[in-house]
Each structure stands twice: as C-alpha cells, then as structure tokens.
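Report on the structure given below.
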2 protein chains.
Amino acid sequence: MESLKALIRTVPDFPKAGIGFKDITTLIKNGDAFAAAIDEMANQFDPDRVDLIMGIEARGFIFASAMAYKWNKGFIPVRKPGKLPAQTKRLEYDLEYGTDALEIHKDAIQPGQRVLVIDDLLATGGTVAAACQLVEQLGGEVAGVGFLIELTFLNGRAKLEQYKLSSLIEFDSE
Amino acid sequence: MESLKALIRTVPDFPKAGIGFKDITTLIKNGDAFAAAIDEMANQFDPDRVDLIMGIEARGFIFASAMAYKWNKGFIPVRKPGKLPAQTKRLEYDLEYGTDALEIHKDAIQPGQRVLVIDDLLATGGTVAAACQLVEQLGGEVAGVGFLIELTFLNGRAKLEQYKLSSLIEFDSE
C-alpha cells in the first residue's frame, strides 16, 4: 500500500529524541485513504471467523470501530487502568523501562468468542500481546491481530507468532 | 431509541461516589446495536454538508471513526495534551474544579471545512464546547455536534446553543 504509506508523516524526536513517530493523522483526515485503509485491513481476515473486534486505547479504537461497523460486529475496548467502569480483568506487562497495564471488562467476551485484536501500529508488540492474553484469560479465542503500520525493525512479530498477523504498511527503520 | 437505551449499563459510584456512570460497552459489544447507533447518529446530519468528522478522545473516537467510514469522510482526533506529535493548537477550559485542556493538530482543518464534532456523551458540555472552539480557531465551521447519550439534567446544551445538536438517548437523572 505505497499510496497509503506516502500519507503517513514521520515526526522527528517524538515523544523523545531519536524516535521518528509515525503520525497517522495525515492519512485518516483523507476520507478516501481512511476508507481504503479500513477496507484493506478488514480484507486480511474472514468476517465469518470473527465475533468481536477489540480496539486498543486510544488510536486502536479508530480502526477497530470502523471495522466493527463495516462487518456489523461488536466492538470491545481494552483500556489503560481506571477507565472502564465495571468489573475488570487487569494485566501488567513489561516495557523497556518499567511496566504498564491494560484492563478489559470481565463481561466483554463470552467463552469461545473469536476476537480480532486491532491497533494502529505494531512496535515491540508488548501491548498487543497483553491484549491477546486478556482475550484468552476470559476464555476467548484470538482470531487474529491486525495493524495499519508495522515497524519491522523492532520485530514485534516475535511476541505474536501464534496468531494470524497482518499489517498494511511497513517501515524498516526510524 | 428505547431499545438502545436498555443496553446502556449504569454503574453506580463511578468514577466517584454518587455518580451513576453510563457505560456504553454493553451496547457496543452488540454488533447490531452498534451499527444501529452509528446509523441513527449519522442520520441526524446531512453528509453533503460535512467535510470532516472529529472525535473527542477516547470514547468519541469509537463513534466518530465509524461515522467517518460510513460517509467516506476524513477523521480528525482532538486529544488530551501531549498525545499529538506535530504542531498543535491547545485550549484550556474550566471544569467544576480546576481546568482541563484539549489539543488539535494545526493542520487538521483547512479554512472553510465543515466539521461534525462527535462524542459518546453530553454532560456539562465543557469538553465539546472546547472542541468546537478549536475547530473555529483553525478557520473551520462546526457542522453540528452529535452524541449517543445526553444527560439532560446537566443542561450541557446551554453551552452549545449556536450549533445543530443531536443526541439519541436521554437520561433525565443519575
């Protein structure tokens, strides 16, 4: 998807020096490009093998909810701690320095439901691996993991080898 | 939309004592209900009079991006400070106690573009009024403001009188 890739803006030194941040806002403000991205992300998977679409806070919501609407599927959010109001299941996971955590509502998934996990960007894979573990801890099945962008030089795929994985746009360096 | 209203869960004492939090996750995990909510929210406005859909972080993203996809429009996020990577315009606004702030990319809107501002819930209206001001500060025009839920007892409409406003589901008490 070279034409979509050309719409991604790399912002130098965000959020810190040396990082080239992949900014999706320049793509998604273009209606045709946004719709093409959603259609192409969805086309990597079979809607007959998916019950729910999970979006990872916050940019993952943008892609997951449009896919859920396209396919007439339910949308479930996985969020930073303290944001979800009802009973939650929480998972802490390691970052390069320190830890982070995600939460999901305990009643978000019924046992056996097949959940497609969506985020905007695959970097080291820690966050999406944690989201997949939460799906499985609730008795769900991960139907696949999908991204608009993959930073291939960070090899996040290594943490997600057991899942069907799709990304539309690859960057092989900062 | 009584059938959609019945799918909203009120969680007592969240985020603090005395507040009955309107939890949308029980509605949006139902694929038919989610699609019906998006279609009905969109039907309140004329797509020929809208250029962009703005979603307010984070739950607003869920509804705004699905509407943008439905209408083949661009999506623009308005976010909490520090989240957007490129040059931003920032607006501080008053809360009951203290202040909060929103940011938008300076290049998100071209002068004259018509922006539909979407959030999940209208409470006191401070956040969405700030989002509308940011649209106007960038030279855009607010095409309307749309919500799934309105807490009518908080009278947030009073802050948004100059705009076309739509909500699908009303609650007249906690």
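Residue numbers start at 1 in each chain; chains themselves are named A, B, ... in the order of the structure tokens; ligands are numbered from 1 in the order shown.
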So that I can check the surroundings of range 127-136 of chain B, please list as an mmCIF file with C-alpha atoms, in the first residue's frame every protein, DNA and RNA residue that reaches within 10 Å of it, counting only C-alpha atoms and ignoring chain neighbours fewer than 4 positions away.
```cif
data_model
loop_
_atom_site.group_PDB
_atom_site.id
_atom_site.type_symbol
_atom_site.label_atom_id
_atom_site.label_comp_id
_atom_site.auth_asym_id
_atom_site.auth_seq_id
_atom_site.Cartn_x
_atom_site.Cartn_y
_atom_site.Cartn_z
ATOM 1 C CA MET B 54 -13.962 14.998 14.680
ATOM 2 C CA GLY B 55 -13.789 12.509 17.532
ATOM 3 C CA ILE B 56 -13.059 13.546 21.117
ATOM 4 C CA PRO B 77 -8.862 13.470 16.585
ATOM 5 C CA VAL B 78 -8.939 16.037 19.364
ATOM 6 C CA ARG B 79 -6.836 14.782 22.250
ATOM 7 C CA LYS B 89 -3.286 24.302 18.975
ATOM 8 C CA ARG B 90 -4.265 23.966 22.621
ATOM 9 C CA LEU B 91 -7.306 25.194 24.505
ATOM 10 C CA GLU B 92 -7.743 25.172 28.263
ATOM 11 C CA TYR B 93 -11.255 25.076 29.635
ATOM 12 C CA ASP B 94 -12.855 25.189 33.048
ATOM 13 C CA LEU B 95 -14.168 22.186 34.917
ATOM 14 C CA ASP B 100 -8.517 20.672 31.599
ATOM 15 C CA ALA B 101 -7.143 21.071 28.087
ATOM 16 C CA LEU B 102 -7.551 19.698 24.567
ATOM 17 C CA GLU B 103 -5.196 19.777 21.604
ATOM 18 C CA ILE B 104 -5.656 19.514 17.856
ATOM 19 C CA HIS B 105 -3.108 19.437 15.051
ATOM 20 C CA LYS B 106 -2.814 22.862 13.453
ATOM 21 C CA ALA B 108 -6.078 19.118 10.852
ATOM 22 C CA ILE B 109 -8.595 21.513 9.306
ATOM 23 C CA GLN B 110 -8.374 23.787 6.264
ATOM 24 C CA PRO B 111 -10.217 27.119 6.496
ATOM 25 C CA GLY B 112 -13.837 26.704 5.490
ATOM 26 C CA GLN B 113 -14.028 22.965 6.092
ATOM 27 C CA ARG B 114 -17.214 21.836 7.818
ATOM 28 C CA VAL B 115 -16.572 19.646 10.845
ATOM 29 C CA LEU B 116 -19.067 17.414 12.626
ATOM 30 C CA VAL B 117 -17.994 17.056 16.282
ATOM 31 C CA ILE B 118 -18.808 13.697 17.892
ATOM 32 C CA ASP B 119 -18.578 12.359 21.433
ATOM 33 C CA LEU B 121 -21.966 11.530 25.906
ATOM 34 C CA LEU B 122 -23.048 15.110 26.560
ATOM 35 C CA ALA B 123 -22.724 16.005 30.244
ATOM 36 C CA GLY B 140 -13.316 25.607 10.270
ATOM 37 C CA GLU B 141 -17.073 25.631 10.631
ATOM 38 C CA VAL B 142 -18.903 23.421 13.133
ATOM 39 C CA ALA B 143 -21.405 21.475 11.027
ATOM 40 C CA GLY B 144 -23.034 20.074 14.159
ATOM 41 C CA VAL B 145 -22.430 18.239 17.403
ATOM 42 C CA GLY B 146 -23.636 14.682 17.886
ATOM 43 C CA GLY B 156 -24.917 20.860 28.586
ATOM 44 C CA ARG B 157 -26.960 22.119 25.634
ATOM 45 C CA LYS B 159 -23.100 25.797 26.177
ATOM 46 C CA LEU B 160 -23.804 24.684 22.590
ATOM 47 C CA TYR B 163 -24.860 24.586 16.912
#
```
Neighbour list for Phe171 in chain B as a compact mmCIF listing (two decimals) with all heavy atoms, in the first residue's frame, cut-off 10 Å, only C-alpha atoms, skip fewer than 5 positions in-chain:
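To be explicit, this is the file written out as selection-v5.txt:
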```txt
# COMPACT_ATOMS: atom_id res chain seq x y z
N LYS B 5 -31.31 2.29 24.48
CA LYS B 5 -31.17 2.78 25.86
C LYS B 5 -31.10 1.62 26.85
O LYS B 5 -30.34 1.67 27.83
CB LYS B 5 -32.34 3.71 26.21
CG LYS B 5 -32.20 4.38 27.57
CD LYS B 5 -33.29 5.42 27.78
CE LYS B 5 -33.12 6.14 29.14
NZ LYS B 5 -34.11 7.22 29.32
N LYS B 22 -22.72 6.13 32.90
CA LYS B 22 -23.41 5.49 31.78
C LYS B 22 -22.39 4.72 30.95
O LYS B 22 -21.56 5.31 30.26
CB LYS B 22 -24.11 6.54 30.91
CG LYS B 22 -25.11 7.41 31.68
CD LYS B 22 -26.12 6.61 32.46
CE LYS B 22 -27.02 7.51 33.31
NZ LYS B 22 -27.77 6.76 34.33
N ILE B 149 -25.48 9.74 23.86
CA ILE B 149 -26.21 9.92 25.12
C ILE B 149 -26.17 11.38 25.54
O ILE B 149 -25.16 12.05 25.38
CB ILE B 149 -25.55 9.07 26.25
CG1 ILE B 149 -25.59 7.58 25.90
CG2 ILE B 149 -26.21 9.33 27.60
CD1 ILE B 149 -24.74 6.72 26.83
N GLU B 150 -27.29 11.84 26.10
CA GLU B 150 -27.33 13.18 26.69
C GLU B 150 -27.86 13.08 28.12
O GLU B 150 -28.92 12.49 28.34
CB GLU B 150 -28.24 14.09 25.86
CG GLU B 150 -28.37 15.50 26.43
CD GLU B 150 -29.19 16.44 25.55
OE1 GLU B 150 -29.66 16.00 24.47
OE2 GLU B 150 -29.36 17.61 25.95
N LEU B 151 -27.11 13.65 29.06
CA LEU B 151 -27.58 13.74 30.45
C LEU B 151 -28.30 15.07 30.57
O LEU B 151 -27.71 16.11 30.87
CB LEU B 151 -26.39 13.66 31.42
CG LEU B 151 -25.49 12.43 31.29
CD1 LEU B 151 -24.40 12.44 32.37
CD2 LEU B 151 -26.29 11.13 31.36
N THR B 152 -29.62 15.03 30.31
CA THR B 152 -30.35 16.30 30.16
C THR B 152 -30.37 17.11 31.45
O THR B 152 -30.43 18.34 31.40
CB THR B 152 -31.80 16.02 29.71
OG1 THR B 152 -32.39 15.09 30.62
CG2 THR B 152 -31.83 15.43 28.31
N PHE B 153 -30.23 16.43 32.61
CA PHE B 153 -30.30 17.16 33.88
C PHE B 153 -29.07 18.03 34.12
O PHE B 153 -29.06 18.86 35.03
CB PHE B 153 -30.50 16.18 35.05
CG PHE B 153 -29.46 15.10 35.14
CD1 PHE B 153 -28.38 15.21 36.02
CD2 PHE B 153 -29.54 13.96 34.36
CE1 PHE B 153 -27.43 14.21 36.09
CE2 PHE B 153 -28.58 12.95 34.43
CZ PHE B 153 -27.53 13.08 35.30
N LEU B 154 -28.02 17.87 33.32
CA LEU B 154 -26.83 18.71 33.45
C LEU B 154 -26.86 19.91 32.49
O LEU B 154 -26.00 20.79 32.56
CB LEU B 154 -25.56 17.88 33.22
CG LEU B 154 -25.33 16.77 34.26
CD1 LEU B 154 -24.10 15.96 33.89
CD2 LEU B 154 -25.15 17.39 35.66
```
(request) With a distance threshold of 9 Å and counting only C-alpha atoms, extract the residues of chain A near chain B and express them as a VMD selection string. (result) chain A and resid 11 to 12 14 to 15 21 to 23 25 to 35 38 51 to 53 57 to 59 61 to 77 82 to 86 105 107 to 109
Written file, previous selection with C-alpha atoms, as a compact mmCIF listing (two decimals), in the first residue's frame:
```txt
# COMPACT_ATOMS: atom_id res chain seq x y z
CA VAL A 11 7.58 13.41 13.16
CA PRO A 12 11.19 13.52 14.37
CA PHE A 14 8.56 12.48 19.37
CA PRO A 15 7.85 11.52 22.09
CA PHE A 21 6.98 8.97 15.31
CA LYS A 22 4.67 7.59 12.62
CA ASP A 23 1.78 10.04 12.52
CA THR A 25 -3.48 11.77 11.34
CA THR A 26 -2.28 12.87 7.88
CA LEU A 27 -3.73 9.67 6.40
CA ILE A 28 -7.01 9.43 8.30
CA LYS A 29 -8.06 13.03 7.64
CA ASN A 30 -8.32 11.98 3.96
CA GLY A 31 -11.70 10.26 3.61
CA ASP A 32 -10.76 8.07 0.65
CA ALA A 33 -7.48 7.00 2.27
CA PHE A 34 -9.17 6.25 5.59
CA ALA A 35 -11.85 4.11 3.93
CA ILE A 38 -10.16 0.15 6.80
CA ASP A 51 -17.31 -12.48 16.53
CA LEU A 52 -15.91 -9.30 18.09
CA ILE A 53 -13.39 -6.60 17.21
CA GLU A 57 -6.79 2.55 23.54
CA ALA A 58 -6.70 5.08 22.01
CA ARG A 59 -5.62 5.04 18.35
CA PHE A 61 -10.24 2.49 18.62
CA ILE A 62 -10.19 4.47 15.36
CA PHE A 63 -9.52 1.42 13.20
CA ALA A 64 -11.30 -1.24 15.26
CA SER A 65 -14.61 0.60 15.49
CA ALA A 66 -14.78 1.32 11.75
CA MET A 67 -14.05 -2.37 11.05
CA ALA A 68 -16.71 -3.41 13.56
CA TYR A 69 -19.22 -1.15 11.83
CA LYS A 70 -18.22 -2.43 8.39
CA TRP A 71 -18.77 -6.03 9.46
CA ASN A 72 -21.73 -5.50 11.81
CA LYS A 73 -19.67 -6.91 14.70
CA GLY A 74 -19.49 -5.86 18.32
CA PHE A 75 -16.66 -3.59 19.45
CA ILE A 76 -14.81 -4.11 22.74
CA PRO A 77 -12.28 -1.68 24.18
CA GLY A 82 -9.05 3.06 35.79
CA LYS A 83 -11.01 3.97 32.66
CA LEU A 84 -13.51 1.10 32.47
CA PRO A 85 -16.35 1.45 34.98
CA ALA A 86 -17.48 -2.13 35.66
CA HIS A 105 -14.35 -5.66 31.30
CA ASP A 107 -18.10 -9.48 30.74
CA ALA A 108 -16.68 -8.20 27.44
CA ILE A 109 -16.14 -11.66 25.99
```
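Within range 23-54 of chain A, DSSP applied to the backbone places the following residues in alpha helix (DSSP H): A:Thr25, A:Thr26, A:Leu27, A:Ile28, A:Gly31, A:Asp32, A:Ala33, A:Phe34, A:Ala35, A:Ala36, A:Ala37, A:Ile38, A:Asp39, A:Glu40, A:Met41, A:Ala42, A:Asn43.
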Would you export the selected residues with all heavy atoms as a short mmCIF file (atom, residue, chain, number, x, y, z; two decimals), in the first residue's frame, please?
```cif
data_model
loop_
_atom_site.label_atom_id
_atom_site.label_comp_id
_atom_site.auth_asym_id
_atom_site.auth_seq_id
_atom_site.Cartn_x
_atom_site.Cartn_y
_atom_site.Cartn_z
N THR A 25 -2.40 10.78 11.51
CA THR A 25 -3.48 11.77 11.34
C THR A 25 -3.51 12.33 9.92
O THR A 25 -4.57 12.74 9.43
CB THR A 25 -3.37 12.94 12.34
OG1 THR A 25 -2.19 13.70 12.10
CG2 THR A 25 -3.38 12.43 13.77
N THR A 26 -2.34 12.35 9.25
CA THR A 26 -2.28 12.87 7.88
C THR A 26 -2.93 11.91 6.88
O THR A 26 -3.33 12.32 5.80
CB THR A 26 -0.82 13.15 7.51
OG1 THR A 26 0.02 12.12 8.07
CG2 THR A 26 -0.37 14.49 8.08
N LEU A 27 -3.03 10.65 7.25
CA LEU A 27 -3.73 9.67 6.40
C LEU A 27 -5.24 9.69 6.70
O LEU A 27 -6.06 9.76 5.78
CB LEU A 27 -3.16 8.27 6.64
CG LEU A 27 -3.70 7.13 5.76
CD1 LEU A 27 -2.68 5.98 5.71
CD2 LEU A 27 -5.03 6.57 6.22
N ILE A 28 -5.60 9.65 7.96
CA ILE A 28 -7.01 9.43 8.30
C ILE A 28 -7.87 10.67 8.09
O ILE A 28 -9.10 10.58 8.05
CB ILE A 28 -7.20 8.86 9.72
CG1 ILE A 28 -6.72 9.83 10.79
CG2 ILE A 28 -6.49 7.52 9.84
CD1 ILE A 28 -6.90 9.31 12.22
N GLY A 31 -10.60 11.23 3.56
CA GLY A 31 -11.70 10.26 3.61
C GLY A 31 -11.47 9.03 2.75
O GLY A 31 -11.74 7.90 3.18
N ASP A 32 -10.99 9.22 1.53
CA ASP A 32 -10.76 8.07 0.65
C ASP A 32 -9.66 7.16 1.21
O ASP A 32 -9.76 5.94 1.15
CB ASP A 32 -10.37 8.54 -0.76
CG ASP A 32 -11.54 9.18 -1.50
OD1 ASP A 32 -12.70 8.89 -1.16
OD2 ASP A 32 -11.27 9.97 -2.43
N ALA A 33 -8.60 7.79 1.73
CA ALA A 33 -7.48 7.00 2.27
C ALA A 33 -7.92 6.25 3.53
O ALA A 33 -7.56 5.08 3.74
CB ALA A 33 -6.29 7.91 2.58
N PHE A 34 -8.70 6.91 4.37
CA PHE A 34 -9.17 6.25 5.59
C PHE A 34 -10.04 5.04 5.24
O PHE A 34 -9.83 3.94 5.77
CB PHE A 34 -9.94 7.25 6.47
CG PHE A 34 -10.46 6.67 7.75
CD1 PHE A 34 -9.62 6.02 8.64
CD2 PHE A 34 -11.81 6.77 8.07
CE1 PHE A 34 -10.11 5.47 9.84
CE2 PHE A 34 -12.31 6.24 9.26
CZ PHE A 34 -11.45 5.59 10.14
N ALA A 35 -10.97 5.22 4.31
CA ALA A 35 -11.85 4.11 3.93
C ALA A 35 -11.04 2.97 3.29
O ALA A 35 -11.28 1.79 3.56
CB ALA A 35 -12.94 4.60 2.98
N ALA A 36 -10.05 3.33 2.47
CA ALA A 36 -9.21 2.31 1.83
C ALA A 36 -8.41 1.54 2.89
O ALA A 36 -8.25 0.31 2.79
CB ALA A 36 -8.26 2.95 0.82
N ALA A 37 -7.92 2.24 3.89
CA ALA A 37 -7.15 1.58 4.95
C ALA A 37 -8.04 0.60 5.72
O ALA A 37 -7.64 -0.54 6.00
CB ALA A 37 -6.55 2.63 5.90
N ILE A 38 -9.24 1.03 6.06
CA ILE A 38 -10.16 0.15 6.80
C ILE A 38 -10.53 -1.06 5.95
O ILE A 38 -10.49 -2.21 6.42
CB ILE A 38 -11.45 0.93 7.21
CG1 ILE A 38 -11.12 2.06 8.18
CG2 ILE A 38 -12.49 -0.03 7.80
CD1 ILE A 38 -10.48 1.64 9.47
N ASP A 39 -10.86 -0.83 4.69
CA ASP A 39 -11.25 -1.95 3.82
C ASP A 39 -10.11 -2.94 3.67
O ASP A 39 -10.31 -4.16 3.73
CB ASP A 39 -11.68 -1.42 2.44
CG ASP A 39 -13.02 -0.71 2.48
OD1 ASP A 39 -13.80 -0.95 3.43
OD2 ASP A 39 -13.29 0.09 1.57
N GLU A 40 -8.91 -2.41 3.49
CA GLU A 40 -7.77 -3.30 3.26
C GLU A 40 -7.38 -4.05 4.55
O GLU A 40 -7.05 -5.25 4.50
CB GLU A 40 -6.59 -2.50 2.73
CG GLU A 40 -5.46 -3.33 2.18
CD GLU A 40 -5.89 -4.20 0.99
OE1 GLU A 40 -6.81 -3.81 0.23
OE2 GLU A 40 -5.29 -5.28 0.85
N MET A 41 -7.46 -3.38 5.69
CA MET A 41 -7.20 -4.08 6.96
C MET A 41 -8.22 -5.20 7.15
O MET A 41 -7.88 -6.30 7.56
CB MET A 41 -7.27 -3.10 8.14
CG MET A 41 -6.08 -2.16 8.24
SD MET A 41 -6.24 -0.92 9.59
CE MET A 41 -5.85 -1.93 11.04
N ALA A 42 -9.49 -4.89 6.87
CA ALA A 42 -10.55 -5.90 7.05
C ALA A 42 -10.38 -7.07 6.08
O ALA A 42 -10.63 -8.22 6.44
CB ALA A 42 -11.92 -5.24 6.88
N ASN A 43 -9.93 -6.77 4.86
CA ASN A 43 -9.83 -7.82 3.84
C ASN A 43 -8.77 -8.88 4.16
O ASN A 43 -8.74 -9.92 3.49
CB ASN A 43 -9.52 -7.19 2.47
CG ASN A 43 -10.73 -6.51 1.86
OD1 ASN A 43 -11.85 -6.73 2.30
ND2 ASN A 43 -10.50 -5.65 0.89
#
```
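The two atoms in question, CA of Gly98 in chain A and CA of Lys16 in chain A, are spaced 16.6 Å apart.
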